[in-house]
$ cat coords_10.cif   # mmCIF, C-alpha atoms
data_protein
loop_
_atom_site.label_atom_id
_atom_site.label_comp_id
_atom_site.auth_asym_id
_atom_site.auth_seq_id
_atom_site.Cartn_x
_atom_site.Cartn_y
_atom_site.Cartn_z
CA MET A 26 5.46 -11.27 -15.59
CA ASN A 27 6.97 -14.74 -15.53
CA VAL A 28 5.41 -17.38 -17.76
CA ILE A 29 4.22 -20.64 -16.21
CA SER A 30 5.23 -23.43 -18.58
CA ASN A 31 3.87 -26.14 -16.30
CA PRO A 32 1.88 -24.92 -13.28
CA ASP A 33 1.66 -28.46 -11.88
CA ASN A 34 5.41 -28.85 -11.72
CA TYR A 35 6.63 -28.92 -8.11
CA ASN A 36 10.13 -27.82 -9.07
CA TYR A 37 8.65 -24.75 -10.71
CA PHE A 38 6.86 -23.92 -7.48
CA CYS A 39 10.04 -24.33 -5.42
CA ILE A 40 12.00 -22.06 -7.73
CA MET A 41 9.32 -19.39 -7.94
CA ASN A 42 8.51 -19.17 -4.22
CA THR A 43 11.83 -17.56 -3.37
CA LEU A 44 13.02 -16.13 -0.07
CA HIS A 45 13.95 -12.45 0.09
CA THR A 46 15.01 -9.81 2.60
CA PHE A 47 13.83 -6.21 2.53
CA THR A 48 15.26 -3.38 4.65
CA TYR A 49 12.82 -1.13 6.49
CA LYS A 50 14.27 1.52 8.83
CA ASP A 51 17.44 -0.56 9.25
CA CYS A 52 15.36 -3.67 10.06
CA ASN A 53 15.63 -6.79 7.94
CA ILE A 54 12.17 -8.00 6.90
CA SER A 55 11.90 -11.56 5.59
CA TYR A 56 9.36 -12.52 2.92
CA THR A 57 8.70 -14.98 0.12
CA ASP A 58 7.39 -14.09 -3.32
CA THR A 59 6.09 -16.35 -6.08
CA ASN A 60 6.30 -13.40 -8.53
CA ASN A 61 4.30 -15.34 -11.11
CA GLN A 62 1.18 -13.22 -11.78
CA ASP A 63 0.09 -9.61 -12.08
CA ASP A 64 -2.57 -9.82 -9.35
CA THR A 65 -1.08 -9.90 -5.85
CA LEU A 66 -2.22 -11.59 -2.63
CA VAL A 67 -0.34 -10.80 0.60
CA LEU A 68 -0.61 -13.37 3.42
CA LEU A 69 0.01 -12.27 7.03
CA HIS A 70 0.44 -14.61 10.00
CA GLY A 71 -0.82 -14.13 13.55
CA PHE A 72 0.85 -13.46 16.90
CA LEU A 73 3.80 -15.83 17.53
CA GLY A 74 3.50 -17.23 14.00
CA ASN A 75 5.55 -16.71 10.86
CA LYS A 76 5.26 -16.81 7.08
CA GLU A 77 5.89 -20.57 6.95
CA GLN A 78 2.35 -21.26 8.16
CA TRP A 79 1.13 -20.44 4.65
CA SER A 80 3.38 -22.96 2.89
CA PRO A 81 0.57 -25.54 2.40
CA TYR A 82 -1.48 -22.90 0.57
CA ILE A 83 1.00 -21.26 -1.75
CA GLN A 84 1.25 -23.83 -4.53
CA GLU A 85 -2.51 -23.76 -5.10
CA LEU A 86 -2.99 -20.01 -4.65
CA CYS A 87 -0.11 -19.05 -6.95
CA ARG A 88 -1.94 -20.57 -9.91
CA SER A 89 -4.00 -17.39 -10.13
CA LYS A 90 -2.15 -14.89 -7.91
CA ARG A 91 1.27 -13.60 -7.11
CA VAL A 92 1.57 -14.66 -3.46
CA ILE A 93 3.73 -12.72 -1.00
CA CYS A 94 4.16 -14.00 2.58
CA VAL A 95 5.77 -11.71 5.15
CA ASP A 96 7.32 -12.22 8.58
CA LEU A 97 5.85 -9.35 10.59
CA LEU A 98 8.10 -7.22 12.81
CA GLY A 99 9.70 -9.28 15.59
CA HIS A 100 8.49 -12.59 14.14
CA GLY A 101 10.18 -15.31 12.11
CA ALA A 102 13.32 -13.97 10.47
CA SER A 103 12.27 -10.29 10.67
CA ASP A 104 13.94 -7.89 13.09
CA CYS A 105 12.32 -5.83 15.82
CA LEU A 106 11.75 -2.16 15.11
CA GLY A 107 11.39 -1.12 18.74
CA TYR A 108 9.74 -2.06 22.01
CA VAL A 109 6.22 -1.40 20.70
CA HIS A 110 5.09 -2.66 17.30
CA THR A 111 1.81 -0.92 16.57
CA MET A 112 -0.50 -2.26 13.91
CA GLU A 113 0.32 0.91 11.97
CA ASP A 114 4.04 0.09 12.19
CA GLN A 115 3.34 -3.35 10.76
CA ALA A 116 1.13 -1.87 8.03
CA ASP A 117 3.87 0.62 7.09
CA VAL A 118 6.30 -2.29 6.66
CA ILE A 119 3.90 -3.97 4.23
CA TYR A 120 3.33 -0.71 2.36
CA SER A 121 7.07 -0.04 1.99
CA LEU A 122 7.69 -3.61 0.84
CA LEU A 123 4.96 -3.43 -1.79
CA GLN A 124 6.22 -0.05 -2.98
CA SER A 125 9.70 -1.52 -3.40
CA LEU A 126 8.22 -4.37 -5.45
CA GLY A 127 6.20 -2.03 -7.65
CA VAL A 128 2.86 -3.45 -6.49
CA LYS A 129 0.12 -0.88 -7.09
CA LYS A 130 -2.86 -2.86 -5.77
CA CYS A 131 -3.26 -6.08 -3.81
CA SER A 132 -5.56 -8.26 -1.76
CA ILE A 133 -4.47 -8.99 1.81
CA ALA A 134 -5.35 -11.95 4.02
CA GLY A 135 -4.44 -11.98 7.71
CA HIS A 136 -4.93 -14.47 10.51
CA SER A 137 -5.71 -13.08 13.98
CA MET A 138 -3.10 -10.33 14.61
CA GLY A 139 -2.41 -10.43 10.87
CA GLY A 140 -6.04 -9.43 10.43
CA TYR A 141 -5.51 -6.41 12.68
CA VAL A 142 -2.59 -5.41 10.47
CA THR A 143 -4.69 -5.99 7.35
CA LEU A 144 -7.39 -3.60 8.56
CA SER A 145 -4.79 -1.04 9.61
CA PHE A 146 -3.20 -1.24 6.16
CA ALA A 147 -6.57 -0.65 4.49
CA ASN A 148 -7.28 2.27 6.81
CA LEU A 149 -3.95 3.90 5.99
CA TYR A 150 -3.64 2.94 2.31
CA PRO A 151 -7.14 2.28 0.94
CA GLU A 152 -6.06 3.12 -2.60
CA MET A 153 -3.85 0.00 -2.63
CA CYS A 154 -6.51 -2.47 -1.49
CA GLU A 155 -8.67 -4.62 -3.72
CA ALA A 156 -10.07 -6.89 -0.99
CA LEU A 157 -9.39 -7.92 2.61
CA PHE A 158 -9.66 -11.42 4.07
CA LEU A 159 -9.79 -11.65 7.85
CA ILE A 160 -9.29 -15.13 9.29
CA ASN A 161 -10.25 -15.57 12.97
CA SER A 162 -9.87 -11.84 13.51
CA THR A 163 -11.86 -8.78 14.54
CA ALA A 164 -12.10 -5.05 13.86
CA LYS A 165 -12.73 -4.25 17.52
CA GLU A 166 -10.09 -2.91 19.86
CA ASP A 167 -9.21 -4.81 23.03
CA SER A 168 -11.79 -4.66 25.81
CA ASP A 169 -10.66 -3.21 29.14
CA LEU A 170 -10.31 -6.75 30.49
CA ARG A 171 -8.27 -7.83 27.48
CA LYS A 172 -6.00 -4.80 27.87
CA THR A 173 -5.41 -5.73 31.49
CA ASN A 174 -4.64 -9.30 30.47
CA ARG A 175 -2.19 -8.06 27.85
CA LYS A 176 -0.30 -6.17 30.57
CA ARG A 177 -0.23 -9.31 32.69
CA ALA A 178 1.04 -11.25 29.70
CA ILE A 179 3.85 -8.74 29.20
CA ASP A 180 4.86 -9.16 32.84
CA ALA A 181 4.79 -12.93 32.38
CA VAL A 182 6.99 -12.72 29.29
CA LYS A 183 9.54 -10.62 31.15
CA LYS A 184 9.72 -13.25 33.88
CA ASN A 185 9.80 -16.34 31.68
CA LYS A 186 9.21 -15.99 27.96
CA ASP A 187 9.41 -19.70 27.19
CA LEU A 188 6.80 -20.59 29.79
CA PHE A 189 4.46 -17.89 28.48
CA VAL A 190 4.88 -19.06 24.89
CA ASN A 191 4.17 -22.70 25.76
CA ILE A 192 0.99 -21.76 27.61
CA ALA A 193 -0.11 -19.29 24.92
CA VAL A 194 0.32 -21.78 22.08
CA SER A 195 -1.36 -24.59 24.00
CA ASN A 196 -4.37 -22.34 24.59
CA LEU A 197 -4.77 -21.91 20.83
CA PHE A 198 -5.36 -25.64 20.31
CA THR A 199 -8.03 -27.92 21.73
CA THR A 200 -6.99 -31.36 22.94
CA ALA A 201 -8.56 -32.90 19.83
CA VAL A 202 -6.56 -30.65 17.51
CA LYS A 203 -3.31 -31.41 19.33
CA THR A 204 -4.08 -35.10 18.82
CA ASN A 205 -5.18 -34.81 15.18
CA PHE A 206 -2.47 -32.36 14.10
CA PRO A 207 0.59 -33.21 16.23
CA LEU A 208 3.14 -32.05 13.64
CA GLU A 209 1.42 -28.71 13.11
CA PHE A 210 1.13 -28.24 16.87
CA GLU A 211 4.87 -28.84 17.34
CA GLN A 212 5.72 -26.58 14.41
CA THR A 213 3.59 -23.81 15.90
CA LYS A 214 5.34 -24.19 19.26
CA ALA A 215 8.75 -24.09 17.57
CA ALA A 216 7.90 -20.94 15.62
CA ALA A 217 6.58 -19.27 18.76
CA SER A 218 9.65 -20.28 20.78
CA ASN A 219 11.91 -18.67 18.18
CA THR A 220 10.16 -15.33 18.64
CA SER A 221 12.40 -13.06 20.71
CA THR A 222 11.31 -11.65 24.07
CA GLN A 223 11.36 -8.16 22.55
CA GLY A 224 9.26 -9.32 19.61
CA VAL A 225 6.64 -10.92 21.88
CA ILE A 226 6.35 -7.87 24.15
CA ALA A 227 6.31 -5.36 21.28
CA SER A 228 3.41 -7.20 19.63
CA LEU A 229 1.45 -7.62 22.86
CA GLU A 230 1.71 -3.89 23.50
CA GLY A 231 0.84 -3.08 19.89
CA MET A 232 -2.30 -5.20 20.06
CA ARG A 233 -3.23 -3.72 23.44
CA ILE A 234 -3.26 -0.16 22.12
CA ARG A 235 -4.69 -0.83 18.67
CA GLU A 236 -7.49 1.32 17.28
CA ASN A 237 -11.10 0.24 16.85
CA LEU A 238 -11.63 -0.11 13.10
CA GLU A 239 -15.26 -1.27 13.01
CA ARG A 240 -15.99 1.68 10.72
CA MET A 241 -14.14 -0.21 7.98
CA TYR A 242 -17.00 -2.73 7.94
CA TYR A 243 -19.39 -0.05 6.68
CA GLN A 244 -17.37 1.31 3.76
CA GLU A 245 -18.18 0.00 0.28
CA GLU A 246 -14.97 0.70 -1.61
CA ILE A 247 -13.01 -2.34 -0.38
CA LEU A 248 -14.57 -5.80 -0.13
CA ILE A 249 -14.03 -7.38 3.30
CA HIS A 250 -14.40 -11.14 3.80
CA LEU A 251 -14.44 -12.67 7.27
CA LEU A 252 -13.81 -16.34 8.14
CA LEU A 253 -15.08 -17.24 11.63
CA SER A 254 -14.83 -20.48 13.60
CA THR A 255 -17.70 -21.59 15.81
CA GLU A 256 -15.46 -22.77 18.68
CA ASP A 257 -12.89 -19.97 18.61
CA THR A 258 -12.03 -18.96 22.18
CA VAL A 259 -9.65 -16.15 21.16
CA ILE A 260 -12.04 -14.34 18.79
CA PRO A 261 -15.46 -15.32 20.19
CA TYR A 262 -17.75 -16.45 17.40
CA PHE A 263 -21.06 -14.91 18.45
CA GLU A 264 -19.52 -11.59 19.48
CA THR A 265 -17.82 -11.26 16.12
CA ILE A 266 -20.96 -12.27 14.24
CA ALA A 267 -22.82 -9.50 16.06
CA GLU A 268 -20.05 -7.06 15.18
CA ALA A 269 -20.15 -7.87 11.46
CA ASN A 270 -23.88 -8.40 10.97
CA HIS A 271 -25.75 -5.71 9.02
CA THR A 272 -22.49 -4.39 7.57
CA GLU A 273 -20.86 -4.74 4.14
CA VAL A 274 -18.74 -7.67 5.36
CA ILE A 275 -19.14 -11.09 3.69
CA ILE A 276 -19.05 -13.76 6.43
CA THR A 277 -17.96 -17.38 5.98
CA HIS A 278 -18.51 -19.83 8.84
CA THR A 279 -16.50 -22.91 9.74
CA THR A 280 -16.25 -25.34 12.63
CA GLY A 281 -13.28 -25.65 14.95
CA GLY A 282 -11.19 -23.20 16.93
CA HIS A 283 -8.82 -20.30 16.43
CA MET A 284 -6.28 -22.03 14.19
CA SER A 285 -8.60 -22.61 11.25
CA PHE A 286 -5.75 -22.50 8.75
CA ILE A 287 -4.54 -25.72 10.42
CA GLU A 288 -7.82 -27.30 11.57
CA GLN A 289 -9.79 -26.47 8.43
CA LYS A 290 -7.20 -26.32 5.66
CA GLN A 291 -9.56 -27.08 2.80
CA LYS A 292 -12.20 -24.70 4.10
CA THR A 293 -9.60 -21.93 4.45
CA LEU A 294 -8.18 -22.64 1.01
CA ASP A 295 -11.63 -22.61 -0.55
CA PHE A 296 -12.37 -19.35 1.28
CA LEU A 297 -9.27 -17.72 -0.16
CA LYS A 298 -9.59 -19.22 -3.64
CA SER A 299 -13.24 -18.33 -4.06
CA ASN A 300 -12.63 -14.75 -3.06
CA VAL A 301 -9.29 -14.02 -4.72
CA SER A 302 -9.80 -15.71 -8.05
CA ASN A 303 -11.83 -12.90 -9.62
#
$ encode --input "coords_10.cif" --output "structure tokens"
Amino acid sequence: MNVISNPDNYNYFCIMNTLHTFTYKDCNISYTDTNNQDDTLVLLHGFLGNKEQWSPYIQELCRSKRVICVDLLGHGASDCLGYVHTMEDQADVIYSLLQSLGVKKCSIAGHSMGGYVTLSFANLYPEMCEALFLINSTAKEDSDLRKTNRKRAIDAVKKNKDLFVNIAVSNLFTTAVKTNFPLEFEQTKAAASNTSTQGVIASLEGMRIRENLERMYYQEEILIHLLLSTEDTVIPYFETIAEANHTEVIITHTTGGHMSFIEQKQKTLDFLKSNVSN
């Protein structure tokens, strides 16, 4: 384990949060690793995002955790594995990466699609999980209507990926958020635009066919924490509350929409710090 001589030193943070590439089935997977503690926290982005969305959080979180941020298949600087990226495929990437790094146990936090991957990882590799943190996410599979809409989205991507991405990203932000966080909005659009057509389609199909993992909410071996936003139009607040109520899940509420890690940075940071600092 590396020794922190001055945890407040920004240069230390820059040196420690280093960029790496891992090979999984001939695919290059991009990730960053602070490599500064024994306890590990893995951060997973959502659909059309990338690992850079966690940059504002790393310096604070790495005071008590080793923080690993991963570009999921077909996103950021990571390659596509095929034309369908199932949540199990994504989970297997994370498992192989952690095995290569010698990580025996970890906590995982995932936003939206990253939350689907987090639950899939815990379902496949429960022995590696200390705790799960789902941010604006759900354990339910797509409804029939949502599955139909995913197919329509795939058709739209095939016709004009850039148009689809612009509409999809805009729908994640309310007018107020676009006004209050213009830089973050533009950064999100840029990250989404850099996602390849194959990467977009493979993820849409993977989300469309994902398994219902509500049973994970009832197990007691792995702590599950859920951060929900009252105005989230992607993961409806009241539906998800009903899904998680009377289970073992610990629910944290916040205001705002789907992009809580942007809209509610301090709330999200407090959520992660309070739950991962044990």
$ residues_around --input "coords_10.cif" --residues "Asp117 of chain A" --least-positions-apart "5" --cutoff "9 Å" --atoms "all atoms listed in the file" --output "PyMOL selection string"
chain A and resi 112+122+146+149
$ resolve_selection --input "coords_10.cif" --expression "the PyMOL selection byres ((chain A and resi 290-300) around 9)" --output "PyMOL selection string"
chain A and resi 81-82+85-86+89+134+156+158+160+250+252+277+279+285-289+301-303
$ resolve_selection --input "coords_10.cif" --expression "the PyMOL selection byres ((chain A and resi 94) around 12)" --output "JSON, numbers by chain"
{"A": [42, 43, 44, 45, 46, 54, 55, 56, 57, 58, 59, 60, 65, 66, 67, 68, 69, 70, 74, 75, 76, 77, 78, 79, 80, 82, 83, 86, 87, 91, 92, 93, 95, 96, 97, 101, 119, 122, 123, 133, 134, 135, 139]}
$ atom_distance --input "coords_10.cif" --atom1 "atom CA of Gln84 of chain A" --atom2 "atom CA of Asn61 of chain A"
11.2 Å
$ resolve_selection --input "coords_10.cif" --expression "the PyMOL selection byres ((chain A and resi 194) around 9)" --output "PyMOL selection string"
chain A and resi 73+189-193+195-198+210+213-214+217
$ atom_distance --input "coords_10.cif" --atom1 "atom CA of Asn237 of chain A" --atom2 "atom CA of Ala216 of chain A"
28.5 Å
$ atom_distance --input "coords_10.cif" --atom1 "atom CA of Thr204 of chain A" --atom2 "atom CA of His283 of chain A"
15.7 Å
$ closest_residue --input "coords_10.cif" --among "A:Glu211, A:Asp104, A:Glu246, A:Glu230" --to "Cys154 of chain A" --atoms "all atoms listed in the file"
A:Glu246
$ residues_around --input "coords_10.cif" --residues "Gly231 of chain A" --least-positions-apart "2" --cutoff "6 Å" --atoms "all atoms listed in the file" --output "mmCIF file with C-alpha atoms, in the frame of the given file"
data_model
loop_
_atom_site.group_PDB
_atom_site.id
_atom_site.type_symbol
_atom_site.label_atom_id
_atom_site.label_comp_id
_atom_site.auth_asym_id
_atom_site.auth_seq_id
_atom_site.Cartn_x
_atom_site.Cartn_y
_atom_site.Cartn_z
ATOM 1 C CA VAL A 109 6.220 -1.400 20.700
ATOM 2 C CA HIS A 110 5.090 -2.660 17.300
ATOM 3 C CA THR A 111 1.810 -0.920 16.570
ATOM 4 C CA SER A 228 3.410 -7.200 19.630
ATOM 5 C CA LEU A 229 1.450 -7.620 22.860
ATOM 6 C CA ARG A 233 -3.230 -3.720 23.440
ATOM 7 C CA ILE A 234 -3.260 -0.160 22.120
#
$ closest_residue --input "coords_10.cif" --among "A:Ala215, A:Ser162, A:Gly281, A:Ala201" --to "Thr265 of chain A" --atoms "all atoms listed in the file"
A:Ser162
$ residues_around --input "coords_10.cif" --residues "segment 164-172 of chain A" --least-positions-apart "5" --cutoff "7 Å" --atoms "only C-alpha atoms" --output "list in words"
Tyr141, Arg233, Arg235, Glu236, Asn237, Leu238 and Glu239 of chain A
$ residues_around --input "coords_10.cif" --residues "Asp180 of chain A" --least-positions-apart "6" --cutoff "10 Å" --atoms "all atoms listed in the file" --output "number ranges by chain"
A: 174, 186, 189, 226
$ residues_around --input "coords_10.cif" --residues "segment 268-276 of chain A" --least-positions-apart "6" --cutoff "6 Å" --atoms "all atoms listed in the file" --output "short mmCIF file (atom, residue, chain, number, x, y, z; two decimals) with C-alpha atoms, keeping the file's coordinate frame"
data_model
loop_
_atom_site.label_atom_id
_atom_site.label_comp_id
_atom_site.auth_asym_id
_atom_site.auth_seq_id
_atom_site.Cartn_x
_atom_site.Cartn_y
_atom_site.Cartn_z
CA TYR A 242 -17.00 -2.73 7.94
CA TYR A 243 -19.39 -0.05 6.68
CA ILE A 249 -14.03 -7.38 3.30
CA HIS A 250 -14.40 -11.14 3.80
CA LEU A 251 -14.44 -12.67 7.27
#
$ closest_residue --input "coords_10.cif" --among "A:Leu126, A:Met284, A:Leu106, A:Val118" --to "Glu209 of chain A" --atoms "all atoms listed in the file"
A:Met284
$ decode --input "coords_10.cif" --residues "segment 101-134 of chain A" --atoms "N, CA and C atoms" --output "short mmCIF file (atom, residue, chain, number, x, y, z; two decimals), in the first residue's frame"
data_model
loop_
_atom_site.label_atom_id
_atom_site.label_comp_id
_atom_site.auth_asym_id
_atom_site.auth_seq_id
_atom_site.Cartn_x
_atom_site.Cartn_y
_atom_site.Cartn_z
N GLY A 101 -16.33 5.78 -23.46
CA GLY A 101 -15.05 6.41 -23.19
C GLY A 101 -13.96 5.88 -24.08
N ALA A 102 -12.86 5.46 -23.46
CA ALA A 102 -11.72 4.93 -24.21
C ALA A 102 -11.70 3.41 -24.23
N SER A 103 -12.80 2.76 -23.84
CA SER A 103 -12.86 1.29 -23.87
C SER A 103 -13.47 0.79 -25.17
N ASP A 104 -12.96 -0.33 -25.66
CA ASP A 104 -13.42 -0.91 -26.92
C ASP A 104 -14.78 -1.59 -26.76
N CYS A 105 -15.38 -1.88 -27.90
CA CYS A 105 -16.59 -2.71 -27.94
C CYS A 105 -16.20 -4.18 -27.96
N LEU A 106 -16.98 -4.98 -27.26
CA LEU A 106 -16.75 -6.42 -27.25
C LEU A 106 -17.52 -7.09 -28.38
N GLY A 107 -18.70 -6.57 -28.68
CA GLY A 107 -19.54 -7.15 -29.72
C GLY A 107 -20.68 -6.20 -30.05
N TYR A 108 -21.78 -6.74 -30.55
CA TYR A 108 -22.92 -5.91 -30.93
C TYR A 108 -24.03 -5.94 -29.88
N VAL A 109 -23.79 -6.71 -28.81
CA VAL A 109 -24.64 -6.67 -27.62
C VAL A 109 -23.73 -6.72 -26.41
N HIS A 110 -23.84 -5.71 -25.55
CA HIS A 110 -23.10 -5.71 -24.29
C HIS A 110 -24.09 -5.95 -23.17
N THR A 111 -24.19 -7.19 -22.73
CA THR A 111 -25.10 -7.49 -21.63
C THR A 111 -24.53 -6.93 -20.33
N MET A 112 -25.40 -6.82 -19.33
CA MET A 112 -24.92 -6.37 -18.03
C MET A 112 -23.95 -7.39 -17.45
N GLU A 113 -24.13 -8.66 -17.81
CA GLU A 113 -23.20 -9.71 -17.37
C GLU A 113 -21.84 -9.55 -18.04
N ASP A 114 -21.84 -9.16 -19.33
CA ASP A 114 -20.57 -8.89 -20.01
C ASP A 114 -19.81 -7.78 -19.27
N GLN A 115 -20.53 -6.72 -18.97
CA GLN A 115 -19.89 -5.59 -18.28
C GLN A 115 -19.37 -6.01 -16.91
N ALA A 116 -20.17 -6.81 -16.20
CA ALA A 116 -19.76 -7.29 -14.88
C ALA A 116 -18.51 -8.17 -14.98
N ASP A 117 -18.43 -8.99 -16.02
CA ASP A 117 -17.27 -9.86 -16.20
C ASP A 117 -16.00 -9.04 -16.45
N VAL A 118 -16.16 -7.91 -17.15
CA VAL A 118 -15.02 -7.01 -17.36
C VAL A 118 -14.50 -6.51 -16.02
N ILE A 119 -15.42 -6.05 -15.16
CA ILE A 119 -15.02 -5.53 -13.86
C ILE A 119 -14.36 -6.63 -13.03
N TYR A 120 -14.95 -7.82 -13.06
CA TYR A 120 -14.38 -8.95 -12.30
C TYR A 120 -12.95 -9.25 -12.77
N SER A 121 -12.76 -9.35 -14.08
CA SER A 121 -11.43 -9.66 -14.62
C SER A 121 -10.42 -8.57 -14.28
N LEU A 122 -10.86 -7.32 -14.34
CA LEU A 122 -9.97 -6.21 -13.98
C LEU A 122 -9.56 -6.31 -12.52
N LEU A 123 -10.51 -6.52 -11.64
CA LEU A 123 -10.20 -6.60 -10.21
C LEU A 123 -9.31 -7.80 -9.90
N GLN A 124 -9.55 -8.91 -10.58
CA GLN A 124 -8.68 -10.08 -10.41
C GLN A 124 -7.25 -9.74 -10.80
N SER A 125 -7.10 -9.02 -11.91
CA SER A 125 -5.75 -8.67 -12.38
C SER A 125 -5.05 -7.74 -11.41
N LEU A 126 -5.85 -6.95 -10.66
CA LEU A 126 -5.28 -6.00 -9.70
C LEU A 126 -5.11 -6.60 -8.31
N GLY A 127 -5.54 -7.85 -8.15
CA GLY A 127 -5.41 -8.51 -6.86
C GLY A 127 -6.40 -8.05 -5.82
N VAL A 128 -7.53 -7.46 -6.29
CA VAL A 128 -8.56 -6.99 -5.36
C VAL A 128 -9.45 -8.16 -4.97
N LYS A 129 -9.52 -8.46 -3.70
CA LYS A 129 -10.31 -9.59 -3.21
C LYS A 129 -11.76 -9.20 -2.93
N LYS A 130 -11.94 -7.99 -2.37
CA LYS A 130 -13.27 -7.49 -2.03
C LYS A 130 -13.33 -6.01 -2.35
N CYS A 131 -14.55 -5.52 -2.64
CA CYS A 131 -14.69 -4.11 -2.98
C CYS A 131 -16.13 -3.66 -2.74
N SER A 132 -16.31 -2.35 -2.69
CA SER A 132 -17.63 -1.75 -2.78
C SER A 132 -17.76 -1.21 -4.20
N ILE A 133 -18.98 -1.20 -4.73
CA ILE A 133 -19.20 -0.71 -6.09
C ILE A 133 -20.34 0.30 -6.08
N ALA A 134 -20.12 1.42 -6.75
CA ALA A 134 -21.16 2.43 -6.92
C ALA A 134 -21.40 2.63 -8.40
#
